[in-house]
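Asks: Dropping in input_34.cif, which is mmCIF, C-alpha atoms and all ligand atoms:
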data_work
#
loop_
_atom_site.label_atom_id
_atom_site.label_comp_id
_atom_site.auth_asym_id
_atom_site.auth_seq_id
_atom_site.Cartn_x
_atom_site.Cartn_y
_atom_site.Cartn_z
CA MET A 2 98.07 114.48 84.22
CA PRO A 3 100.43 113.75 87.07
CA ILE A 4 100.51 110.16 88.27
CA ARG A 5 101.43 109.86 91.91
CA LEU A 6 104.00 107.11 92.22
CA PRO A 7 104.38 105.28 95.50
CA THR A 8 107.86 106.24 96.66
CA ALA A 9 110.61 108.66 95.94
CA SER A 10 112.86 105.95 94.55
CA LEU A 11 110.22 104.66 92.21
CA ARG A 12 109.33 108.20 91.26
CA SER A 13 112.81 108.97 90.04
CA ALA A 14 113.08 105.58 88.43
CA GLY A 15 109.72 106.19 86.79
CA HIS A 16 111.11 109.36 85.24
CA ALA A 17 113.97 107.36 83.83
CA ALA A 18 111.48 104.88 82.45
CA ARG A 19 109.41 107.58 80.82
CA GLY A 20 112.28 109.66 79.59
CA ALA A 21 114.57 107.03 78.18
CA MET A 22 112.62 103.86 77.56
CA GLY A 23 114.92 101.45 75.81
CA THR A 24 118.00 103.63 75.77
CA ARG A 25 119.30 104.01 79.28
CA PRO A 26 121.73 101.49 80.72
CA ALA A 27 120.94 99.55 83.88
CA SER A 28 120.69 101.74 86.94
CA ALA A 29 119.93 101.17 90.58
CA VAL A 30 117.81 103.62 92.56
CA GLY A 31 117.40 102.92 96.25
CA GLY A 32 117.68 99.17 95.81
CA ILE A 33 115.21 99.15 92.90
CA THR A 34 116.88 98.08 89.70
CA PHE A 35 115.88 99.30 86.27
CA ALA A 36 117.55 98.00 83.12
CA ARG A 37 117.00 100.04 79.96
CA GLY A 38 114.11 101.87 81.55
CA LYS A 39 112.36 98.76 82.79
CA ALA A 40 111.99 97.45 86.32
CA THR A 41 113.89 94.20 86.72
CA LEU A 42 113.95 91.43 89.26
CA PRO A 43 116.83 92.07 91.67
CA ASP A 44 119.20 89.21 92.46
CA LEU A 45 119.04 87.79 95.95
CA ALA A 46 122.16 88.35 98.04
CA TYR A 47 121.97 84.71 99.22
CA ASP A 48 120.93 81.31 97.85
CA TYR A 49 117.31 80.20 97.86
CA GLY A 50 118.12 77.56 100.47
CA ALA A 51 120.16 79.89 102.66
CA LEU A 52 117.31 80.86 104.99
CA GLU A 53 116.47 77.26 105.89
CA PRO A 54 115.14 75.88 108.13
CA HIS A 55 113.26 79.10 108.86
CA ILE A 56 112.08 79.71 105.30
CA SER A 57 112.34 76.79 102.91
CA GLY A 58 114.28 76.97 99.66
CA LYS A 59 111.14 76.10 97.70
CA ILE A 60 109.26 79.05 99.18
CA MET A 61 112.15 81.42 98.50
CA GLU A 62 112.48 80.25 94.92
CA LEU A 63 108.79 80.58 94.06
CA HIS A 64 108.49 83.80 96.00
CA HIS A 65 111.41 85.47 94.24
CA LYS A 66 111.33 83.92 90.77
CA ASN A 67 107.58 83.78 90.28
CA HIS A 68 105.71 86.09 92.65
CA HIS A 69 108.17 88.97 92.62
CA GLN A 70 108.67 88.61 88.86
CA THR A 71 104.90 88.92 88.37
CA TYR A 72 104.93 92.25 90.21
CA VAL A 73 107.88 93.42 88.10
CA ASN A 74 106.01 92.49 84.92
CA GLY A 75 102.82 94.13 86.16
CA LEU A 76 104.68 97.31 87.04
CA ASN A 77 106.35 97.49 83.64
CA SER A 78 103.09 96.92 81.87
CA ALA A 79 101.36 99.60 83.96
CA LEU A 80 104.16 102.07 83.21
CA GLU A 81 103.93 101.23 79.53
CA THR A 82 100.19 101.87 79.51
CA ILE A 83 100.78 105.24 81.14
CA GLU A 84 103.45 106.01 78.58
CA GLU A 85 101.07 105.24 75.73
CA ALA A 86 98.24 107.14 77.35
CA LYS A 87 100.53 110.13 77.82
CA ALA A 88 101.60 110.05 74.20
CA LYS A 89 97.95 110.18 73.18
CA GLY A 90 97.05 112.80 75.79
CA ASN A 91 94.52 110.33 77.23
CA ASP A 92 94.33 111.27 80.90
CA ALA A 93 91.50 108.88 81.65
CA ALA A 94 93.45 105.91 80.32
CA ALA A 95 96.47 106.91 82.41
CA ALA A 96 94.41 107.35 85.55
CA SER A 97 92.71 103.99 85.11
CA VAL A 98 96.07 102.28 85.65
CA ALA A 99 96.50 103.75 89.15
CA PRO A 100 95.31 100.64 91.06
CA LEU A 101 97.61 98.37 89.02
CA LEU A 102 100.51 100.75 89.47
CA ASN A 103 99.97 100.82 93.22
CA PHE A 104 99.60 97.04 93.44
CA HIS A 105 102.47 95.95 91.22
CA GLY A 106 104.72 98.91 91.98
CA GLY A 107 104.11 98.29 95.68
CA GLY A 108 104.71 94.57 95.24
CA HIS A 109 108.04 95.26 93.55
CA ILE A 110 109.18 97.76 96.19
CA ASN A 111 108.00 95.68 99.14
CA HIS A 112 109.66 92.48 98.00
CA THR A 113 112.89 94.26 97.10
CA LEU A 114 113.06 95.73 100.61
CA PHE A 115 112.10 92.36 102.11
CA TRP A 116 114.89 90.34 100.45
CA GLU A 117 117.40 92.91 101.63
CA ASN A 118 116.20 92.87 105.22
CA LEU A 119 116.65 89.10 105.41
CA ALA A 120 119.92 87.17 105.73
CA PRO A 121 121.00 83.60 106.52
CA ALA A 122 121.02 82.84 110.26
CA ASN A 123 124.70 81.85 110.11
CA LYS A 124 125.63 85.15 108.43
CA ASP A 125 124.00 88.49 109.23
CA GLY A 126 120.60 87.06 110.07
CA GLY A 127 119.01 86.96 113.51
CA GLY A 128 120.38 88.12 116.81
CA GLU A 129 119.47 91.51 118.14
CA PRO A 130 119.81 95.05 116.85
CA GLU A 131 122.84 97.01 118.01
CA GLY A 132 124.10 100.57 118.27
CA ALA A 133 121.89 103.49 117.32
CA LEU A 134 119.15 101.15 116.12
CA LYS A 135 119.04 99.34 119.45
CA LYS A 136 118.96 102.68 121.24
CA SER A 137 116.00 103.91 119.18
CA ILE A 138 114.13 100.64 119.68
CA ASP A 139 114.71 100.73 123.43
CA GLU A 140 113.55 104.32 123.58
CA ASP A 141 110.42 103.89 121.50
CA PHE A 142 109.33 100.36 122.43
CA GLY A 143 110.94 99.81 125.82
CA SER A 144 112.85 96.78 124.59
CA PHE A 145 113.61 94.67 121.55
CA GLN A 146 111.30 91.97 122.93
CA THR A 147 108.42 94.44 123.07
CA LEU A 148 109.05 95.41 119.46
CA GLN A 149 109.00 91.75 118.44
CA LYS A 150 105.76 91.25 120.31
CA GLN A 151 104.18 94.29 118.67
CA MET A 152 105.30 93.18 115.22
CA ASN A 153 103.96 89.67 115.76
CA THR A 154 100.63 90.98 117.06
CA ALA A 155 100.39 93.29 114.06
CA LEU A 156 101.21 90.44 111.66
CA ALA A 157 98.66 88.12 113.27
CA GLY A 158 96.01 90.84 113.09
CA ILE A 159 96.21 91.41 109.35
CA GLN A 160 92.84 90.49 107.87
CA GLY A 161 93.77 89.08 104.48
CA SER A 162 97.03 89.69 102.64
CA GLY A 163 99.48 92.35 103.68
CA TRP A 164 102.68 93.41 105.35
CA ALA A 165 103.88 94.61 108.73
CA TRP A 166 106.65 97.20 108.87
CA LEU A 167 108.91 98.79 111.38
CA VAL A 168 109.02 102.38 110.18
CA LYS A 169 110.46 105.70 111.16
CA ASP A 170 107.88 108.41 111.55
CA LYS A 171 109.71 111.35 109.96
CA SER A 172 107.78 114.15 111.65
CA ALA A 173 107.76 112.60 115.12
CA GLY A 174 111.25 111.15 114.74
CA THR A 175 110.14 107.92 116.40
CA LEU A 176 109.96 104.28 115.36
CA GLN A 177 106.57 102.64 114.89
CA VAL A 178 104.97 99.39 113.78
CA VAL A 179 102.43 99.74 110.96
CA THR A 180 100.60 97.32 108.69
CA ARG A 181 99.68 97.74 105.04
CA PRO A 182 97.05 95.71 103.18
CA ASN A 183 97.89 93.77 100.02
CA GLN A 184 100.86 95.47 98.33
CA ASP A 185 100.28 99.03 99.49
CA PRO A 186 103.77 100.46 99.94
CA VAL A 187 104.92 102.44 102.96
CA THR A 188 104.96 106.07 101.85
CA GLY A 189 104.68 109.66 102.94
CA ASN A 190 105.67 110.41 106.48
CA TYR A 191 106.99 106.89 107.07
CA VAL A 192 110.35 105.45 106.08
CA PRO A 193 110.30 101.65 105.88
CA LEU A 194 113.06 100.04 107.96
CA LEU A 195 112.01 96.39 108.21
CA GLY A 196 109.22 94.60 106.35
CA ILE A 197 107.67 91.19 106.91
CA ASP A 198 105.51 89.63 104.22
CA ALA A 199 102.28 88.23 105.68
CA TRP A 200 100.82 86.97 102.42
CA GLU A 201 100.05 83.26 102.58
CA HIS A 202 102.46 82.59 99.70
CA ALA A 203 105.29 83.71 102.02
CA TYR A 204 104.87 80.72 104.33
CA TYR A 205 102.12 78.34 103.26
CA LEU A 206 104.21 75.54 101.72
CA GLN A 207 106.11 75.16 104.97
CA TYR A 208 103.80 76.37 107.72
CA GLN A 209 100.30 76.00 106.18
CA ASN A 210 97.73 77.55 108.53
CA ARG A 211 100.26 77.79 111.38
CA LYS A 212 101.26 81.31 110.51
CA ALA A 213 102.28 82.18 114.08
CA GLU A 214 105.17 79.71 113.68
CA TYR A 215 106.34 81.57 110.58
CA PHE A 216 106.08 84.91 112.37
CA SER A 217 108.23 83.63 115.22
CA ALA A 218 110.76 81.84 112.96
CA ILE A 219 111.43 84.83 110.74
CA TRP A 220 113.26 86.67 113.53
CA ASN A 221 116.11 84.19 113.04
CA VAL A 222 116.78 85.61 109.58
CA ILE A 223 116.29 89.35 110.03
CA ASN A 224 119.24 91.33 108.73
CA TRP A 225 119.72 94.00 111.40
CA LYS A 226 122.63 95.56 109.51
CA THR A 227 120.26 96.43 106.68
CA VAL A 228 117.70 97.80 109.13
CA ALA A 229 120.36 99.89 110.90
CA GLY A 230 121.57 101.21 107.55
CA ARG A 231 118.06 102.27 106.59
CA LEU A 232 117.60 104.07 109.90
CA GLU A 233 120.89 105.90 109.40
CA LYS A 234 119.66 107.24 106.06
CA ALA A 235 116.10 107.94 107.20
CA MET B 24 74.23 87.16 128.12
CA ALA B 25 75.18 84.10 126.14
CA GLY B 26 74.32 84.34 122.46
CA PRO B 27 74.52 81.49 120.01
CA THR B 28 77.83 79.87 119.21
CA TYR B 29 78.55 78.59 115.75
CA LYS B 30 79.89 75.18 114.76
CA LEU B 31 81.83 73.90 111.81
CA PRO B 32 79.37 72.44 109.28
CA LYS B 33 80.17 68.98 107.96
CA LEU B 34 81.34 68.86 104.39
CA PRO B 35 78.68 67.35 102.12
CA TYR B 36 81.42 65.13 100.57
CA ALA B 37 84.76 63.56 101.54
CA TYR B 38 87.98 65.59 101.68
CA ASP B 39 89.30 63.82 98.58
CA ALA B 40 86.04 64.02 96.64
CA LEU B 41 87.01 67.12 94.66
CA GLU B 42 90.27 65.68 93.34
CA PRO B 43 91.92 66.32 90.98
CA SER B 44 90.48 69.87 90.87
CA ILE B 45 91.18 70.48 94.57
CA SER B 46 93.48 68.15 96.50
CA LYS B 47 92.51 66.30 99.64
CA GLN B 48 95.23 68.07 101.64
CA ILE B 49 93.90 71.49 100.67
CA MET B 50 90.32 70.54 101.50
CA GLU B 51 91.26 69.09 104.86
CA LEU B 52 93.33 72.09 105.98
CA HIS B 53 90.85 74.54 104.50
CA HIS B 54 87.85 73.02 106.26
CA SER B 55 89.23 71.65 109.54
CA LYS B 56 91.77 74.44 110.19
CA HIS B 57 91.00 77.64 108.30
CA HIS B 58 87.22 77.50 108.51
CA GLN B 59 87.39 76.31 112.12
CA THR B 60 89.63 79.25 113.02
CA TYR B 61 87.10 81.74 111.64
CA ILE B 62 84.40 80.07 113.74
CA THR B 63 86.53 79.98 116.89
CA ASN B 64 87.43 83.65 116.55
CA LEU B 65 83.86 84.60 115.64
CA ASN B 66 82.48 82.92 118.76
CA LYS B 67 85.13 84.59 120.89
CA ALA B 68 84.40 88.04 119.44
CA LEU B 69 80.63 87.59 119.77
CA GLU B 70 80.96 86.58 123.39
CA THR B 71 83.35 89.41 124.28
CA SER B 72 81.07 91.87 122.53
CA ALA B 73 77.91 90.58 124.23
CA THR B 74 79.52 90.55 127.65
CA ALA B 75 80.75 94.12 127.22
CA LEU B 76 77.31 95.26 126.08
CA SER B 77 75.62 93.62 129.04
CA GLN B 78 78.00 95.57 131.29
CA GLY B 79 77.16 98.81 129.53
CA LYS B 80 80.63 99.06 127.95
CA LEU B 81 79.72 100.05 124.42
CA GLN B 82 83.29 100.97 123.60
CA ASP B 83 84.52 97.44 124.36
CA SER B 84 81.66 95.93 122.42
CA ALA B 85 82.33 98.15 119.41
CA ALA B 86 86.00 97.15 119.51
CA GLN B 87 84.92 93.63 118.51
CA LEU B 88 83.02 94.66 115.38
CA SER B 89 85.95 94.30 113.04
CA ALA B 90 86.64 90.77 114.30
CA ILE B 91 82.95 89.86 114.03
CA ARG B 92 82.75 91.17 110.49
CA PHE B 93 85.95 89.42 109.39
CA ASN B 94 85.46 86.08 111.13
CA GLY B 95 81.70 86.10 110.64
CA GLY B 96 82.30 86.73 106.96
CA GLY B 97 84.84 83.92 106.92
CA HIS B 98 82.31 81.54 108.44
CA ILE B 99 79.52 82.60 106.06
CA ASN B 100 81.71 82.52 102.94
CA HIS B 101 83.21 79.11 103.61
CA SER B 102 79.86 77.60 104.59
CA LEU B 103 78.36 78.76 101.30
CA PHE B 104 81.46 77.70 99.37
CA TRP B 105 81.49 74.05 100.52
CA GLU B 106 77.87 73.72 99.49
CA ASN B 107 78.39 75.24 96.09
CA LEU B 108 81.04 72.65 95.24
CA ALA B 109 80.46 69.01 94.25
CA PRO B 110 82.54 66.07 93.02
CA SER B 111 82.96 66.31 89.26
CA SER B 112 81.45 62.84 88.83
CA SER B 113 78.20 63.98 90.44
CA PRO B 114 75.29 65.05 88.20
CA ASP B 115 75.11 68.18 90.39
CA ALA B 116 78.40 69.32 88.84
CA LYS B 117 76.85 69.56 85.38
CA SER B 118 75.45 72.91 84.36
CA ASP B 119 72.23 71.31 83.10
CA ALA B 120 71.36 70.78 86.77
CA ALA B 121 70.59 74.53 86.73
CA PRO B 122 68.19 75.14 83.80
CA LYS B 123 66.66 78.42 85.04
CA LEU B 124 69.98 79.85 86.17
CA LEU B 125 71.61 78.83 82.92
CA ALA B 126 68.89 80.60 80.93
CA ALA B 127 69.47 83.74 82.98
CA ILE B 128 73.25 83.49 82.54
CA THR B 129 72.84 83.07 78.79
CA SER B 130 70.50 86.01 78.51
CA THR B 131 72.87 88.15 80.60
CA TRP B 132 76.28 87.26 79.17
CA GLY B 133 75.36 85.66 75.84
CA SER B 134 76.64 82.20 76.71
CA LEU B 135 77.87 80.12 79.61
CA ASP B 136 81.40 80.22 78.18
CA LYS B 137 81.36 83.98 77.96
CA PHE B 138 80.13 84.19 81.57
CA LYS B 139 82.92 81.86 82.70
CA GLU B 140 85.45 84.04 80.92
CA VAL B 141 84.20 87.22 82.60
CA PHE B 142 83.94 85.54 86.00
CA ALA B 143 87.47 84.12 85.71
CA ALA B 144 88.87 87.53 84.77
CA ALA B 145 87.18 89.02 87.83
CA LEU B 146 88.66 86.32 90.07
CA LEU B 147 92.16 86.78 88.67
CA GLY B 148 91.92 90.55 89.02
CA ILE B 149 91.51 90.42 92.79
CA GLN B 150 94.46 92.21 94.40
CA GLY B 151 95.24 90.26 97.54
CA SER B 152 92.88 87.88 99.33
CA GLY B 153 89.21 87.77 98.49
CA TRP B 154 86.27 86.08 96.87
CA GLY B 155 84.35 86.22 93.63
CA TRP B 156 80.57 85.69 93.67
CA LEU B 157 77.77 85.31 91.24
CA VAL B 158 74.85 87.06 92.93
CA LYS B 159 71.21 87.76 92.24
CA GLU B 160 70.53 91.44 92.83
CA ALA B 161 67.90 92.19 95.42
CA VAL B 162 65.91 94.83 93.56
CA THR B 163 66.20 93.83 89.91
CA GLY B 164 66.62 90.07 90.30
CA GLN B 165 69.42 90.34 87.77
CA LEU B 166 72.65 88.37 87.86
CA ARG B 167 75.87 90.16 88.64
CA ILE B 168 79.50 89.22 89.28
CA VAL B 169 81.03 90.79 92.37
CA THR B 170 84.44 90.49 93.97
CA LEU B 171 84.87 91.12 97.67
CA ALA B 172 88.10 91.69 99.58
CA ASN B 173 89.29 89.42 102.39
CA GLN B 174 86.24 87.97 104.17
CA GLU B 175 83.66 90.55 103.22
CA ALA B 176 80.47 88.61 102.61
CA VAL B 177 77.33 88.97 100.53
CA VAL B 178 75.13 89.81 103.49
CA VAL B 179 73.09 92.84 102.44
CA GLY B 180 70.24 92.36 99.99
CA ASP B 181 71.72 90.28 97.21
CA THR B 182 71.50 86.49 97.08
CA PRO B 183 74.80 84.63 96.71
CA ILE B 184 74.50 81.97 93.97
CA PHE B 185 78.03 80.61 94.13
CA GLY B 186 81.39 81.84 95.29
CA VAL B 187 85.03 81.03 94.65
CA ASP B 188 87.65 81.46 97.35
CA MET B 189 90.67 83.31 95.96
CA TRP B 190 92.74 83.31 99.13
CA GLU B 191 96.09 81.66 98.47
CA HIS B 192 95.29 78.97 101.07
CA ALA B 193 92.52 77.78 98.73
CA TYR B 194 94.93 76.61 96.05
CA TYR B 195 98.58 77.15 96.95
CA LEU B 196 99.61 73.62 98.02
CA GLN B 197 98.47 72.31 94.64
CA TYR B 198 98.73 75.18 92.17
CA LEU B 199 101.46 77.33 93.78
CA ASN B 200 101.45 80.70 92.01
CA GLY B 201 99.42 79.25 89.12
CA LYS B 202 96.06 80.56 90.19
CA ALA B 203 94.70 80.67 86.64
CA ALA B 204 94.82 76.86 86.56
CA TYR B 205 92.91 76.70 89.85
CA VAL B 206 90.21 78.95 88.42
CA GLU B 207 90.03 76.84 85.27
CA ASN B 208 89.65 73.62 87.23
CA ILE B 209 87.12 74.89 89.73
CA TRP B 210 84.46 74.94 87.00
CA LYS B 211 84.54 71.14 87.06
CA VAL B 212 83.39 71.08 90.70
CA ILE B 213 80.80 73.86 90.81
CA ASN B 214 77.57 72.54 92.27
CA TRP B 215 74.98 73.75 89.77
CA LYS B 216 72.16 72.10 91.67
CA THR B 217 72.93 74.24 94.72
CA ALA B 218 73.32 77.27 92.46
CA GLU B 219 69.87 76.67 90.91
CA ALA B 220 68.29 76.25 94.33
CA ARG B 221 69.80 79.53 95.56
CA TYR B 222 68.76 81.30 92.37
CA THR B 223 65.17 80.14 92.45
CA GLY B 224 64.69 79.94 96.21
CA ALA B 225 64.21 82.46 98.97
CA ARG B 226 67.30 84.47 99.91
CA GLU B 227 67.08 83.31 103.51
CA ASP B 228 67.44 79.68 102.40
CA ALA B 229 70.90 80.25 100.95
CA PHE B 230 72.14 80.83 104.50
CA LYS B 231 70.29 77.98 106.21
CA VAL B 232 73.49 76.00 106.72
CA LEU B 233 74.54 78.62 109.28
CA LYS B 234 71.42 78.16 111.37
CA ALA B 235 71.74 74.41 111.14
CA ASN B 236 75.16 74.58 112.74
CA MET B 237 74.62 76.61 115.89
FE FE C 301 105.24 88.07 98.86
FE FE C 302 89.34 80.04 102.47
#
Is it possible to express this structure as C-alpha cells?

Replies:
Amino acid sequence: MPIRLPTASLRSAGHAARGAMGTRPASAVGGITFARGKATLPDLAYDYGALEPHISGKIMELHHKNHHQTYVNGLNSALETIEEAKAKGNDAAAASVAPLLNFHGGGHINHTLFWENLAPANKDGGGEPEGALKKSIDEDFGSFQTLQKQMNTALAGIQGSGWAWLVKDKSAGTLQVVTRPNQDPVTGNYVPLLGIDAWEHAYYLQYQNRKAEYFSAIWNVINWKTVAGRLEKA
Amino acid sequence: MAGPTYKLPKLPYAYDALEPSISKQIMELHHSKHHQTYITNLNKALETSATALSQGKLQDSAAQLSAIRFNGGGHINHSLFWENLAPSSSPDAKSDAAPKLLAAITSTWGSLDKFKEVFAAALLGIQGSGWGWLVKEAVTGQLRIVTLANQEAVVVGDTPIFGVDMWEHAYYLQYLNGKAAYVENIWKVINWKTAEARYTGAREDAFKVLKANM
C-alpha cells in the first residue's frame, strides 16, 4: 500500500531508502541527508555558540545533537518498520506507522530547514530581506515589519508545541504566514521559506516562560539569503 | 455582565518540597508563571466573550471559545496536577494510601508495576505537548489511561484520578531532553491519598479546587 510521505524531498529520499538500504553512498536531497539509505543528522553550518546571545550555545547543542537526532532515529525506525511490513505484505503494519512517520519525518525536515534559515548575527543573520524577496514581502504584507508582526502573533498563538512558517502559496503565488502543530511539516500547496521553532525546548533554558522575548530575539539570526534562495526555487 | 474570575490556587506544599523529583525552580516557574498565565488569559477570554454576548455579538463571543478551551483547560489541568502531587517523604506519596484504587489498578492491569509501565509508555508516546491521565470512566466505573493534547482537559463524564504534565516546561530545566527520567521520578511524588479520594468520591469533588479559587 502506498505510504504518503510528507514532502517531495523526503519522498525521493524514501525511495532511495527502500530501494538501496545499506548499499547507496551518502546523498543529499533538498538539504536532507541520507547516508547508505538512512536519514542522518546534518551538520550545522555554524558553531553551537555562534547564535549567542540570541540563542544560547547550550540550547543549540541539545537541540541539534539530542532533539534533532531523536527525530532522525525515529524516522529511520519508522522507515525500517515500513520496509519490513512491505516485505511481509502486511499493509496494516505499514499503515500503523503513519503517525510516527509524520512526527519524526516532519521533525527531521523542520529542523533541517530551521538550521539552514538561521545564521550568526555577525555573518548572514539578521537585517532585512532584499531584492525579489523584499519585493514579495512588501507586496503581500505591506512591509517587512508587518510580516514580523504577523509571524510573532502566529508564534504566540500556537496552543502547545509547533512551528510558524513563512510560505509561498503555489497556486496563489503569494507569501503567507502559517502555523503547524507539533512536527507536522509544511506540504502540498505551500513551499516553506522560513521556519521558526516554537517548541519549548527551542528557548526554555534561556527564556523560560518569556517566549515573546525569544520570538523577538530570533529575528537577529534569520538567514535571509537562505530564505531568498528558497523563494527563487519555489 | 461580569462572570466569575479565577485565581491561582495556593500550592499545598512549598516550591522545593518535591525535590529531587521536581526542582524548586521548575515548580516556581510552573506555578507562578505558567499556571498564572493560563488563568490571566482565561479571565480575559471569559470577559471578552461575556461582554460580546451581552451586546448580542455572537460572532465575537464565539471567537473566544478556543482561548477559553485552551486556557480553561490549562487552569483545570494544573489545579488538579498540583493536588495530585506530594512530597516523597509524605505518607500520601505511598501507594498504600490508596487501598481501593490500588485494588482496582491491580485487577485492571495485573499489578501496580505493570500499570506504571503502561502509563509511562503512554506519557512518552505523546507527540508534542500534552497530558496523561488515569481516569475513572463515567459509565462503567472502570479505570483507563488517556492522553490529551496541549491543554485539553478531562471535563466530560470521566473522573480524573491523577495527571502528569508532559509539556516540556514541566521538566526541561532539570531533565533537558531526558523525559523518561522525569516520568520515572514522578512516581515518587504522586499523591495517592488525593488519587484515592478522587476515585472513591463524587466526580464534582475532584474539581472543587477551582470553585475554591474564584
Ligand atoms: Fe525543535
Ligand atoms: Fe504545565

Asks: Set the distance at 6 Å and use all atoms listed in the file: which residues neighbour stretch 168-178 of chain A once local chain neighbours fewer than 4 positions away are removed? I'd like the list as a list of chain:residue names.

Replies: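 Close residues of stretch 168-178 of chain A: A:Asn190, A:Tyr191, A:Val192, A:Pro193, A:Leu194.
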
Asks: Can I get the selection written as a PDB file, in the coordinates of the input, with C-alpha atoms?

Replies:
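As written to disk, again_24.pdb reads:
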ATOM      1  CA  ASN A 190     105.670 110.410 106.480  1.00  0.00           C
ATOM      2  CA  TYR A 191     106.990 106.890 107.070  1.00  0.00           C
ATOM      3  CA  VAL A 192     110.350 105.450 106.080  1.00  0.00           C
ATOM      4  CA  PRO A 193     110.300 101.650 105.880  1.00  0.00           C
ATOM      5  CA  LEU A 194     113.060 100.040 107.960  1.00  0.00           C
TER       6      LEU A 194
END

Asks: Counting all atoms listed in the file, what is within 12 Å of stretch 220-228 of chain A, bar same-chain residues fewer than 5 positions away, as a PDB file with C-alpha atoms, in the frame of the given file?

Replies:
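The new file result-v7.pdb reads:
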ATOM      1  CA  GLY A  32     117.680  99.170  95.810  1.00  0.00           C
ATOM      2  CA  ALA A  46     122.160  88.350  98.040  1.00  0.00           C
ATOM      3  CA  TYR A  47     121.970  84.710  99.220  1.00  0.00           C
ATOM      4  CA  ALA A  51     120.160  79.890 102.660  1.00  0.00           C
ATOM      5  CA  LEU A  52     117.310  80.860 104.990  1.00  0.00           C
ATOM      6  CA  GLU A  53     116.470  77.260 105.890  1.00  0.00           C
ATOM      7  CA  PRO A  54     115.140  75.880 108.130  1.00  0.00           C
ATOM      8  CA  HIS A  55     113.260  79.100 108.860  1.00  0.00           C
ATOM      9  CA  ILE A  56     112.080  79.710 105.300  1.00  0.00           C
ATOM     10  CA  SER A  57     112.340  76.790 102.910  1.00  0.00           C
ATOM     11  CA  LEU A 114     113.060  95.730 100.610  1.00  0.00           C
ATOM     12  CA  PHE A 115     112.100  92.360 102.110  1.00  0.00           C
ATOM     13  CA  TRP A 116     114.890  90.340 100.450  1.00  0.00           C
ATOM     14  CA  GLU A 117     117.400  92.910 101.630  1.00  0.00           C
ATOM     15  CA  ASN A 118     116.200  92.870 105.220  1.00  0.00           C
ATOM     16  CA  LEU A 119     116.650  89.100 105.410  1.00  0.00           C
ATOM     17  CA  ALA A 120     119.920  87.170 105.730  1.00  0.00           C
ATOM     18  CA  PRO A 121     121.000  83.600 106.520  1.00  0.00           C
ATOM     19  CA  ALA A 122     121.020  82.840 110.260  1.00  0.00           C
ATOM     20  CA  ASN A 123     124.700  81.850 110.110  1.00  0.00           C
ATOM     21  CA  LYS A 124     125.630  85.150 108.430  1.00  0.00           C
ATOM     22  CA  ASP A 125     124.000  88.490 109.230  1.00  0.00           C
ATOM     23  CA  GLY A 126     120.600  87.060 110.070  1.00  0.00           C
ATOM     24  CA  GLY A 127     119.010  86.960 113.510  1.00  0.00           C
ATOM     25  CA  GLY A 128     120.380  88.120 116.810  1.00  0.00           C
ATOM     26  CA  GLU A 129     119.470  91.510 118.140  1.00  0.00           C
ATOM     27  CA  PRO A 130     119.810  95.050 116.850  1.00  0.00           C
ATOM     28  CA  GLU A 131     122.840  97.010 118.010  1.00  0.00           C
ATOM     29  CA  GLY A 132     124.100 100.570 118.270  1.00  0.00           C
ATOM     30  CA  ALA A 133     121.890 103.490 117.320  1.00  0.00           C
ATOM     31  CA  LEU A 134     119.150 101.150 116.120  1.00  0.00           C
ATOM     32  CA  LYS A 135     119.040  99.340 119.450  1.00  0.00           C
ATOM     33  CA  SER A 137     116.000 103.910 119.180  1.00  0.00           C
ATOM     34  CA  ILE A 138     114.130 100.640 119.680  1.00  0.00           C
ATOM     35  CA  PHE A 145     113.610  94.670 121.550  1.00  0.00           C
ATOM     36  CA  GLN A 146     111.300  91.970 122.930  1.00  0.00           C
ATOM     37  CA  LEU A 148     109.050  95.410 119.460  1.00  0.00           C
ATOM     38  CA  GLN A 149     109.000  91.750 118.440  1.00  0.00           C
ATOM     39  CA  LYS A 150     105.760  91.250 120.310  1.00  0.00           C
ATOM     40  CA  MET A 152     105.300  93.180 115.220  1.00  0.00           C
ATOM     41  CA  ASN A 153     103.960  89.670 115.760  1.00  0.00           C
ATOM     42  CA  TRP A 166     106.650  97.200 108.870  1.00  0.00           C
ATOM     43  CA  LEU A 167     108.910  98.790 111.380  1.00  0.00           C
ATOM     44  CA  VAL A 168     109.020 102.380 110.180  1.00  0.00           C
ATOM     45  CA  LYS A 169     110.460 105.700 111.160  1.00  0.00           C
ATOM     46  CA  LEU A 176     109.960 104.280 115.360  1.00  0.00           C
ATOM     47  CA  VAL A 192     110.350 105.450 106.080  1.00  0.00           C
ATOM     48  CA  PRO A 193     110.300 101.650 105.880  1.00  0.00           C
ATOM     49  CA  LEU A 194     113.060 100.040 107.960  1.00  0.00           C
ATOM     50  CA  LEU A 195     112.010  96.390 108.210  1.00  0.00           C
ATOM     51  CA  GLY A 196     109.220  94.600 106.350  1.00  0.00           C
ATOM     52  CA  ILE A 197     107.670  91.190 106.910  1.00  0.00           C
ATOM     53  CA  ALA A 213     102.280  82.180 114.080  1.00  0.00           C
ATOM     54  CA  GLU A 214     105.170  79.710 113.680  1.00  0.00           C
ATOM     55  CA  TYR A 215     106.340  81.570 110.580  1.00  0.00           C
ATOM     56  CA  GLU A 233     120.890 105.900 109.400  1.00  0.00           C
ATOM     57  CA  LYS A 234     119.660 107.240 106.060  1.00  0.00           C
ATOM     58  CA  ALA A 235     116.100 107.940 107.200  1.00  0.00           C
TER      59      ALA A 235
END

Asks: What does the list of residues within 6 Å of ligand FE 302 (chain C) look like if you count only C-alpha atoms and all ligand atoms, written as a JSON list (two decimals) with C-alpha atoms, keeping the file's coordinate frame?

Replies:
[["chain", "number", "residue", "atom", "x", "y", "z"],
["B", 188, "ASP", "CA", 87.65, 81.46, 97.35],
["B", 190, "TRP", "CA", 92.74, 83.31, 99.13],
["B", 193, "ALA", "CA", 92.52, 77.78, 98.73]]

Asks: Residues within 9 Å of ligand FE 301 (chain C) should be enumerated using only C-alpha atoms and all ligand atoms and returned as a list in words.

Replies: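 The neighbouring residues of ligand FE 301 (chain C) are, in order, His64, His65, His68, His69, Gly108, Asn111, His112, Phe115, Gly163, Trp164, Gln184, Ile197, Asp198, Ala199, Trp200, Glu201, His202 and Ala203 of chain A.
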
Asks: Within 10 Å of (78.1, 72.2, 98.3) (coordinates as in the file), grab all the protein and nucleic acid residues, counting all atoms listed in the file, and write them out as JSON, numbers by chain.

Replies: {"B": [34, 35, 36, 102, 103, 104, 105, 106, 107, 108, 109, 110, 115, 116, 185, 212, 213, 214, 215, 216, 217, 218]}
